[in-house]
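*Asks:* For reference, the structure I am asking about is given below.
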Amino acid sequence: MSTQLKNEEFVLFTRPSGQSDIKSAWKLQSCLMPIITKDNEFILETLFVSVDPYLSSGLKKSALGGAINSIGSIQISGLVARVIESRNPNIPVDTIVTGRMEWKRFILANGTEPRFRIVQKPTDKNTIYNKIGFSTAVGVLGMPSQTSYYGILSVANTQPSDVLVISGAAGAVGTIAGQIAKKIRGAKMVIGIAGGKKKCDCIVNELGFDAAIDYKEYNTKDKMVNRLKELTPSGITQYFDNTGGFVTDAIFDIIERHSKIIICGQISTYNNSEEDLSKSNIYPNYLAKTIYRGLSILGFVCSDFIHRNEEEFFKDMPNWLEQGIIKFHETIIDGFENLPRAYEMLFTGENIGKIVVKV
Ligand SMILES: NC(=O)C1=CN([C@@H]2O[C@H](COP(=O)(O)OP(=O)(O)OC[C@H]3O[C@@H](n4cnc5c(N)ncnc54)[C@H](OP(=O)(O)O)[C@@H]3O)[C@@H](O)[C@H]2O)C=CC1
Ligand SMILES: CCCCCC(=O)/C=C/[C@@H]1[C@@H](C/C=C\CCCC(=O)O)[C@@H](O)C[C@H]1O
């Protein structure tokens with residue numbers, strides 16, 4: 001291993017108390033270059049790091065799911081990396097891999113890391129990743145897209161008769177969920193809710209949604225209700241919720257009887273202060289509203305499905321991409337040091353499609 005290479009890592013420095021200070025959650029620090037000491041170990045050079053909304057949970061004092069990160073611990077998320085040194089016969093130098101690993105420029109691994117997967121072997125350069133980029137292993141060919149896939153095909157089970165509304169529609173999950181509902185399942189109508197004209201134009205004109213609503217223009221529950229009613233004369237039968245907030249309030253008031261409300265995410269609440277209970281994600285009348293209208297609220301986490309049916313996803317999605325049926329967007333941020341800023345962009349809505357940091 002060359003001694004010129006320098007390693008760096010991001011550790012949790014402080015628990016953000018609200019949206020304004022999320023970027024300062026982590027501290028960048030120097031660390032030692034990894035050294036192989038055992039059989040099966042290999043050294044990775046990080047190529048792309050995924051920032052995702054769920055990371056907010058680990059930063060809190062009481063996580064919504066998964067572990068609470070301790071102060072000083074190295075942040076973990078999905079990443080893509082290249083093997084630069086190896087004592088593992090199955091994972092030689094130049095293999096491209098993905099998995100949930102530490103935010104470090106250089107990582108010691110052995111292939112038992114969570115969600116570890118070989119993306120491309122050194123002997124096989126003719127993969128879809130060579131056409132669409134290795135970053136997609138944490139995007140349209142990774143966890144967010146698997147969320148869309150299982151969310152629409154297994155949880156919503158969208159049918160041609162369905163009128164589906166998706167919030168967070170211009171993001172990693174939303175862009176793919178809307179296309180699967182429309183193009184694969186043939187939904188009667190798919191309406192995306194997103195922030196700003198650029199995002200709304202993109203999901204309709206490029207991705208094939210039937211309509212979009214800019215929630216920053218239709219910025220109250222009443223305005224949203226009226227716009228949704230205008231666009232859906234026959235009523236809404238499914239709602240795929242990525243955001244929560246007043247959009248979700250609006251849908252609850254007008255969604256058809258016996259409809260499905262799929263709770264994929266609630267990003268509008270993730271940076272709420274844990275001290276301020278008045279801002280906690282509790283709307284008592286949601287449950288009461290399900291009774292007479294026989295509504296189903298279905299929460300789901302993609303990890304429940306990934307373990308069961310991963311082969312189906314890795315058969316279908318590359319085909320749909322190769323055939324140009326499903327299109328995808330990425331927002332690539334350059335520089336390992338910009339990881340905190342990229343994470344912040346999820347909450348300021350500066351990404352279209354999957355946001356990934358290129359190291
Ligand atoms: N259940 C599961 O297994 C999984 C759930 N998820 C959830 O899916 C959702 C989308 O994730 P992902 O696709 O990775 O992220 P996105 O790529 O959608 O990025 C986040 C987007 O959320 C929107 N947003 C941010 N803050 C707010 C707010 N206060 N109100 C409304 N919209 C907001 C922004 O878009 P805009 O400009 O439109 O506001 C932003 O671009 C998240 O809630 C996430 O937790 C993700 C993966 C797995
Ligand atoms: C802040 C809560 C966000 C919930 C929605 C979401 O984005 C979920 C993403 C999951 C995420 C789950 C996080 C913790 C559960 C730990 C178990 C695990 O499988 O890791 C992460 O797992 C990827 C998505 O499945």
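Residues are named by chain letter and number: chains run A, B, ... in the order of the structure tokens, numbers start at 1 in each chain, and ligands are numbered from 1 in the order shown.
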Please build the interface table for chain A against ligand 2 with a cut-off of 8 Å, listing for each qualifying residue the nearest atom pair and the distance in Å to one decimal; count only C-alpha atoms and all ligand atoms, order rows by chain and increasing number, and write it as a tab-separated table.
*Replies:*
```
residue	atom	partner	partner_atom_place_in_ligand_line	distance
A:Asp52	CA	ligand 2	7 (O)	7.1
A:Pro53	CA	ligand 2	7 (O)	5.6
A:Tyr54	CA	ligand 2	7 (O)	4.0
A:Leu55	CA	ligand 2	1 (C)	6.7
A:Ser56	CA	ligand 2	1 (C)	5.6
A:Ser57	CA	ligand 2	1 (C)	4.4
A:Gly58	CA	ligand 2	1 (C)	7.9
A:Ala63	CA	ligand 2	1 (C)	7.4
A:Leu64	CA	ligand 2	2 (C)	5.4
A:Gly65	CA	ligand 2	14 (C)	4.3
A:Gly66	CA	ligand 2	16 (C)	3.5
A:Ala67	CA	ligand 2	16 (C)	6.9
A:Met143	CA	ligand 2	23 (C)	6.6
A:Pro144	CA	ligand 2	24 (C)	7.6
A:Thr147	CA	ligand 2	25 (O)	7.5
A:Cys264	CA	ligand 2	5 (C)	6.0
A:Gly265	CA	ligand 2	5 (C)	4.6
A:Gln266	CA	ligand 2	3 (C)	7.0
A:Ile267	CA	ligand 2	3 (C)	7.4
A:Tyr270	CA	ligand 2	1 (C)	5.9
A:Val301	CA	ligand 2	25 (O)	5.3
A:Cys302	CA	ligand 2	25 (O)	4.7
A:Ser303	CA	ligand 2	25 (O)	4.4
A:Asp304	CA	ligand 2	19 (O)	7.5
```
*Asks:* Fewer than 3 positions away in the same chain doesn't count, so skip those; otherwise give me all residues within 9 Å of Ile325 of chain A, counting only C-alpha atoms, as a compact mmCIF listing (two decimals) with all heavy atoms, in the first residue's frame.
*Replies:*
```txt
# COMPACT_ATOMS: atom_id res chain seq x y z
N GLN A 179 -43.15 6.21 -12.12
CA GLN A 179 -43.00 5.57 -13.43
C GLN A 179 -43.44 4.10 -13.40
O GLN A 179 -44.03 3.61 -14.36
CB GLN A 179 -41.55 5.65 -13.88
CG GLN A 179 -41.10 7.07 -14.23
CD GLN A 179 -39.67 7.06 -14.73
OE1 GLN A 179 -39.41 6.75 -15.88
NE2 GLN A 179 -38.74 7.41 -13.87
N LYS A 183 -46.09 3.23 -16.00
CA LYS A 183 -45.61 2.53 -17.20
C LYS A 183 -45.64 1.02 -17.05
O LYS A 183 -45.74 0.31 -18.04
CB LYS A 183 -44.19 2.98 -17.52
CG LYS A 183 -44.08 4.48 -17.80
CD LYS A 183 -42.63 4.90 -17.89
CE LYS A 183 -42.46 6.37 -18.12
NZ LYS A 183 -41.05 6.79 -18.10
N ILE A 184 -45.48 0.52 -15.84
CA ILE A 184 -45.45 -0.94 -15.65
C ILE A 184 -46.84 -1.43 -15.27
O ILE A 184 -47.34 -2.41 -15.82
CB ILE A 184 -44.42 -1.34 -14.58
CG1 ILE A 184 -43.02 -0.76 -14.92
CG2 ILE A 184 -44.38 -2.85 -14.39
CD1 ILE A 184 -42.42 -1.21 -16.24
N ASN A 319 -33.62 -4.36 -17.10
CA ASN A 319 -34.36 -4.48 -18.36
C ASN A 319 -35.11 -3.21 -18.68
O ASN A 319 -35.08 -2.72 -19.80
CB ASN A 319 -35.40 -5.61 -18.26
CG ASN A 319 -34.80 -6.94 -18.62
OD1 ASN A 319 -33.77 -6.98 -19.28
ND2 ASN A 319 -35.42 -8.02 -18.18
N TRP A 320 -35.83 -2.70 -17.70
CA TRP A 320 -36.62 -1.48 -17.92
C TRP A 320 -35.71 -0.30 -18.28
O TRP A 320 -36.08 0.54 -19.11
CB TRP A 320 -37.44 -1.14 -16.67
CG TRP A 320 -38.47 -2.18 -16.33
CD1 TRP A 320 -39.02 -3.12 -17.15
CD2 TRP A 320 -39.09 -2.38 -15.04
NE1 TRP A 320 -39.92 -3.89 -16.47
CE2 TRP A 320 -39.99 -3.47 -15.18
CE3 TRP A 320 -38.98 -1.77 -13.79
CZ2 TRP A 320 -40.77 -3.93 -14.11
CZ3 TRP A 320 -39.75 -2.22 -12.73
CH2 TRP A 320 -40.64 -3.30 -12.90
N LEU A 321 -34.52 -0.26 -17.68
CA LEU A 321 -33.59 0.84 -17.97
C LEU A 321 -33.00 0.68 -19.38
O LEU A 321 -32.95 1.64 -20.15
CB LEU A 321 -32.46 0.87 -16.94
CG LEU A 321 -32.86 1.27 -15.51
CD1 LEU A 321 -31.74 0.96 -14.53
CD2 LEU A 321 -33.26 2.74 -15.44
N GLU A 322 -32.60 -0.55 -19.70
CA GLU A 322 -32.02 -0.82 -21.04
C GLU A 322 -33.03 -0.49 -22.14
O GLU A 322 -32.67 0.04 -23.18
CB GLU A 322 -31.62 -2.30 -21.17
CG GLU A 322 -30.57 -2.76 -20.19
CD GLU A 322 -29.16 -2.80 -20.77
OE1 GLU A 322 -28.94 -2.10 -21.78
OE2 GLU A 322 -28.31 -3.51 -20.20
```
*Asks:* Would you mind telling me which residue in A:Lys199, A:Lys125, A:Arg117, A:Lys104 lies nearest to Ala137 of chain A when using only C-alpha atoms?
*Replies:* A:Arg117
*Asks:* At a cut-off of 6 Å, using only C-alpha atoms, what residues contact segment 186-195 of chain A? Leave out same-chain residues fewer than 4 positions from it and give the result as a JSON list (two decimals) with N, CA and C atoms, in the first residue's frame.
*Replies:*
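To be explicit, this is the file written out as around20.json:
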```
[["chain", "number", "residue", "atom", "x", "y", "z"],
["A", 159, "GLN", "N", -53.16, -0.84, -9.66],
["A", 159, "GLN", "CA", -53.89, -1.49, -10.77],
["A", 159, "GLN", "C", -54.25, -0.44, -11.84],
["A", 160, "PRO", "N", -54.63, -0.89, -13.05],
["A", 160, "PRO", "CA", -54.97, 0.08, -14.11],
["A", 160, "PRO", "C", -56.13, 1.02, -13.73],
["A", 161, "SER", "N", -56.94, 0.63, -12.80],
["A", 161, "SER", "CA", -58.07, 1.48, -12.39],
["A", 161, "SER", "C", -57.66, 2.56, -11.38],
["A", 162, "ASP", "N", -56.41, 2.53, -10.94],
["A", 162, "ASP", "CA", -56.03, 3.41, -9.82],
["A", 162, "ASP", "C", -55.66, 4.83, -10.26],
["A", 163, "VAL", "N", -56.06, 5.77, -9.41],
["A", 163, "VAL", "CA", -55.58, 7.15, -9.51],
["A", 163, "VAL", "C", -54.67, 7.35, -8.31],
["A", 164, "LEU", "N", -53.36, 7.49, -8.60],
["A", 164, "LEU", "CA", -52.34, 7.50, -7.55],
["A", 164, "LEU", "C", -51.73, 8.89, -7.40],
["A", 165, "VAL", "N", -51.61, 9.34, -6.16],
["A", 165, "VAL", "CA", -50.89, 10.58, -5.89],
["A", 165, "VAL", "C", -49.62, 10.21, -5.12],
["A", 166, "ILE", "N", -48.49, 10.81, -5.53],
["A", 166, "ILE", "CA", -47.21, 10.56, -4.85],
["A", 166, "ILE", "C", -46.63, 11.88, -4.36],
["A", 167, "SER", "N", -46.31, 11.96, -3.09],
["A", 167, "SER", "CA", -45.59, 13.16, -2.60],
["A", 167, "SER", "C", -44.09, 12.88, -2.68],
["A", 168, "GLY", "N", -43.29, 13.93, -2.64],
["A", 168, "GLY", "CA", -41.83, 13.75, -2.83],
["A", 168, "GLY", "C", -41.56, 13.14, -4.19],
["A", 169, "ALA", "N", -42.33, 13.57, -5.19],
["A", 169, "ALA", "CA", -42.37, 12.85, -6.47],
["A", 169, "ALA", "C", -41.13, 13.03, -7.34],
["A", 170, "ALA", "N", -40.33, 14.07, -7.09],
["A", 170, "ALA", "CA", -39.17, 14.31, -7.95],
["A", 170, "ALA", "C", -37.88, 13.76, -7.34],
["A", 181, "ALA", "N", -45.69, 2.82, -11.46],
["A", 181, "ALA", "CA", -47.16, 2.81, -11.39],
["A", 181, "ALA", "C", -47.76, 3.09, -12.76],
["A", 182, "LYS", "N", -47.19, 4.06, -13.46],
["A", 182, "LYS", "CA", -47.77, 4.48, -14.75],
["A", 182, "LYS", "C", -47.40, 3.51, -15.87],
["A", 209, "PHE", "N", -45.37, 11.28, -15.84],
["A", 209, "PHE", "CA", -46.49, 11.44, -14.90],
["A", 209, "PHE", "C", -47.61, 12.17, -15.66],
["A", 210, "ASP", "N", -48.85, 11.95, -15.24],
["A", 210, "ASP", "CA", -49.97, 12.63, -15.91],
["A", 210, "ASP", "C", -50.06, 14.10, -15.53],
["A", 211, "ALA", "N", -49.71, 14.40, -14.29],
["A", 211, "ALA", "CA", -49.80, 15.78, -13.82],
["A", 211, "ALA", "C", -48.91, 15.96, -12.61],
["A", 212, "ALA", "N", -48.63, 17.22, -12.30],
["A", 212, "ALA", "CA", -47.82, 17.51, -11.11],
["A", 212, "ALA", "C", -48.42, 18.71, -10.40],
["A", 213, "ILE", "N", -48.22, 18.76, -9.10],
["A", 213, "ILE", "CA", -48.64, 19.94, -8.32],
["A", 213, "ILE", "C", -47.43, 20.44, -7.54],
["A", 214, "ASP", "N", -47.17, 21.74, -7.70],
["A", 214, "ASP", "CA", -46.08, 22.37, -6.97],
["A", 214, "ASP", "C", -46.61, 22.76, -5.59],
["A", 215, "TYR", "N", -46.15, 22.05, -4.56],
["A", 215, "TYR", "CA", -46.71, 22.32, -3.22],
["A", 215, "TYR", "C", -46.23, 23.65, -2.64],
["A", 216, "LYS", "N", -45.23, 24.25, -3.32],
["A", 216, "LYS", "CA", -44.78, 25.57, -2.86],
["A", 216, "LYS", "C", -45.70, 26.66, -3.44]]
```
*Asks:* Name the residues of segment 150-297 of chain A that fall into strand (DSSP E) according to DSSP on the backbone, using the chain letters and numbers of this document, as a short mmCIF file (atom, residue, chain, number, x, y, z; two decimals) with N, CA and C atoms, in the first residue's frame.
*Replies:*
```cif
data_model
loop_
_atom_site.label_atom_id
_atom_site.label_comp_id
_atom_site.auth_asym_id
_atom_site.auth_seq_id
_atom_site.Cartn_x
_atom_site.Cartn_y
_atom_site.Cartn_z
N VAL A 163 -56.06 5.77 -9.41
CA VAL A 163 -55.58 7.15 -9.51
C VAL A 163 -54.67 7.35 -8.31
N LEU A 164 -53.36 7.49 -8.60
CA LEU A 164 -52.34 7.50 -7.55
C LEU A 164 -51.73 8.89 -7.40
N VAL A 165 -51.61 9.34 -6.16
CA VAL A 165 -50.89 10.58 -5.89
C VAL A 165 -49.62 10.21 -5.12
N ILE A 166 -48.49 10.81 -5.53
CA ILE A 166 -47.21 10.56 -4.85
C ILE A 166 -46.63 11.88 -4.36
N SER A 167 -46.31 11.96 -3.09
CA SER A 167 -45.59 13.16 -2.60
C SER A 167 -44.09 12.88 -2.68
N MET A 189 -54.17 7.19 -13.67
CA MET A 189 -53.58 8.53 -13.52
C MET A 189 -52.55 8.53 -12.39
N VAL A 190 -51.41 9.18 -12.65
CA VAL A 190 -50.39 9.35 -11.60
C VAL A 190 -50.08 10.84 -11.47
N ILE A 191 -50.30 11.36 -10.28
CA ILE A 191 -50.04 12.78 -10.02
C ILE A 191 -48.91 12.89 -9.01
N GLY A 192 -47.89 13.67 -9.35
CA GLY A 192 -46.75 13.87 -8.44
C GLY A 192 -46.84 15.22 -7.76
N ILE A 193 -46.50 15.23 -6.48
CA ILE A 193 -46.41 16.49 -5.74
C ILE A 193 -44.93 16.77 -5.52
N ALA A 194 -44.47 17.95 -5.92
CA ALA A 194 -43.04 18.28 -5.76
C ALA A 194 -42.89 19.78 -5.58
N ALA A 211 -49.71 14.40 -14.29
CA ALA A 211 -49.80 15.78 -13.82
C ALA A 211 -48.91 15.96 -12.61
N ALA A 212 -48.63 17.22 -12.30
CA ALA A 212 -47.82 17.51 -11.11
C ALA A 212 -48.42 18.71 -10.40
N ILE A 213 -48.22 18.76 -9.10
CA ILE A 213 -48.64 19.94 -8.32
C ILE A 213 -47.43 20.44 -7.54
N ASP A 214 -47.17 21.74 -7.70
CA ASP A 214 -46.08 22.37 -6.97
C ASP A 214 -46.61 22.76 -5.59
N GLN A 238 -55.24 5.87 -4.45
CA GLN A 238 -54.02 5.49 -3.74
C GLN A 238 -53.18 6.73 -3.48
N TYR A 239 -52.53 6.74 -2.31
CA TYR A 239 -51.61 7.84 -1.99
C TYR A 239 -50.31 7.23 -1.49
N PHE A 240 -49.19 7.56 -2.16
CA PHE A 240 -47.86 7.06 -1.78
C PHE A 240 -47.14 8.23 -1.12
N ASP A 241 -47.03 8.18 0.19
CA ASP A 241 -46.57 9.35 0.95
C ASP A 241 -45.09 9.27 1.28
N LYS A 260 -56.03 3.11 -0.45
CA LYS A 260 -54.80 2.75 0.28
C LYS A 260 -53.92 3.98 0.45
N ILE A 261 -53.43 4.17 1.67
CA ILE A 261 -52.46 5.22 1.94
C ILE A 261 -51.16 4.53 2.33
N ILE A 262 -50.16 4.63 1.47
CA ILE A 262 -48.90 3.91 1.70
C ILE A 262 -47.91 4.89 2.32
N ILE A 263 -47.47 4.60 3.52
CA ILE A 263 -46.53 5.49 4.21
C ILE A 263 -45.11 4.98 3.95
N SER A 296 -57.13 2.11 4.30
CA SER A 296 -56.02 1.30 4.80
C SER A 296 -54.76 2.15 4.83
N ILE A 297 -54.09 2.19 5.97
CA ILE A 297 -52.79 2.88 6.06
C ILE A 297 -51.73 1.79 6.15
#
```
*Asks:* From the set A:Pro92, A:Asn205, A:Asn126, A:Glu274, which residue has the shortest atom-to-atom contact distance to Ser62 of chain A, counting only C-alpha atoms?
*Replies:*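 Result for the nearest residue to Ser62 of chain A: A:Glu274.
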*Asks:* When DSSP is applied to the backbone of this structure, which of segment 68-261 of chain A are assigned helix (DSSP H, G or I)? Write them out as a ChimeraX atom specification.
*Replies:* /A:128-132,134-138,143-156,172-184,197-206,221-231,246-254
*Asks:* Show which residues sit within 7 Å of segment 246-253 of chain A, as a PyMOL selection string. Count only C-alpha atoms, and ignore same-chain residues fewer than 4 positions away.
*Replies:* chain A and resi 220-221+224-225
*Asks:* Output C-alpha atoms for every residue in the selection just made, as a PDB file, in the first residue's frame.
*Replies:*
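Writing done, so here's selection-v8.pdb:
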```pdb
ATOM      1  CA  THR A 220     -51.957  25.336   2.103  1.00  0.00           C
ATOM      2  CA  LYS A 221     -54.131  22.342   2.769  1.00  0.00           C
ATOM      3  CA  MET A 224     -54.004  21.533  -2.278  1.00  0.00           C
ATOM      4  CA  VAL A 225     -57.475  20.003  -1.786  1.00  0.00           C
TER       5      VAL A 225
END
```
*Asks:* Name the closest residue to ligand 1 among the candidates A:Ser259, A:Ser86, A:Thr290, A:Ser145; distances are taken between atoms, counting only C-alpha atoms and all ligand atoms.
*Replies:* A:Ser145
*Asks:* Just checking: using only C-alpha atoms and all ligand atoms, which residue out of A:Gly349, A:Pro114, A:Pro122, A:Gly235 ends up closest to ligand 1?
*Replies:*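 Among A:Gly349, A:Pro114, A:Pro122, A:Gly235, it is A:Gly349 that comes nearest to ligand 1.
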*Asks:* May I ask for the distance between atom CA of Lys223 of chain A and atom 3 (O, counted along the ligand's line) of ligand 1, given in Å to one decimal place?
*Replies:*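 Calculated distance between atom CA of Lys223 of chain A and atom 3 (O, counted along the ligand's line) of ligand 1 is 29.5 Å.
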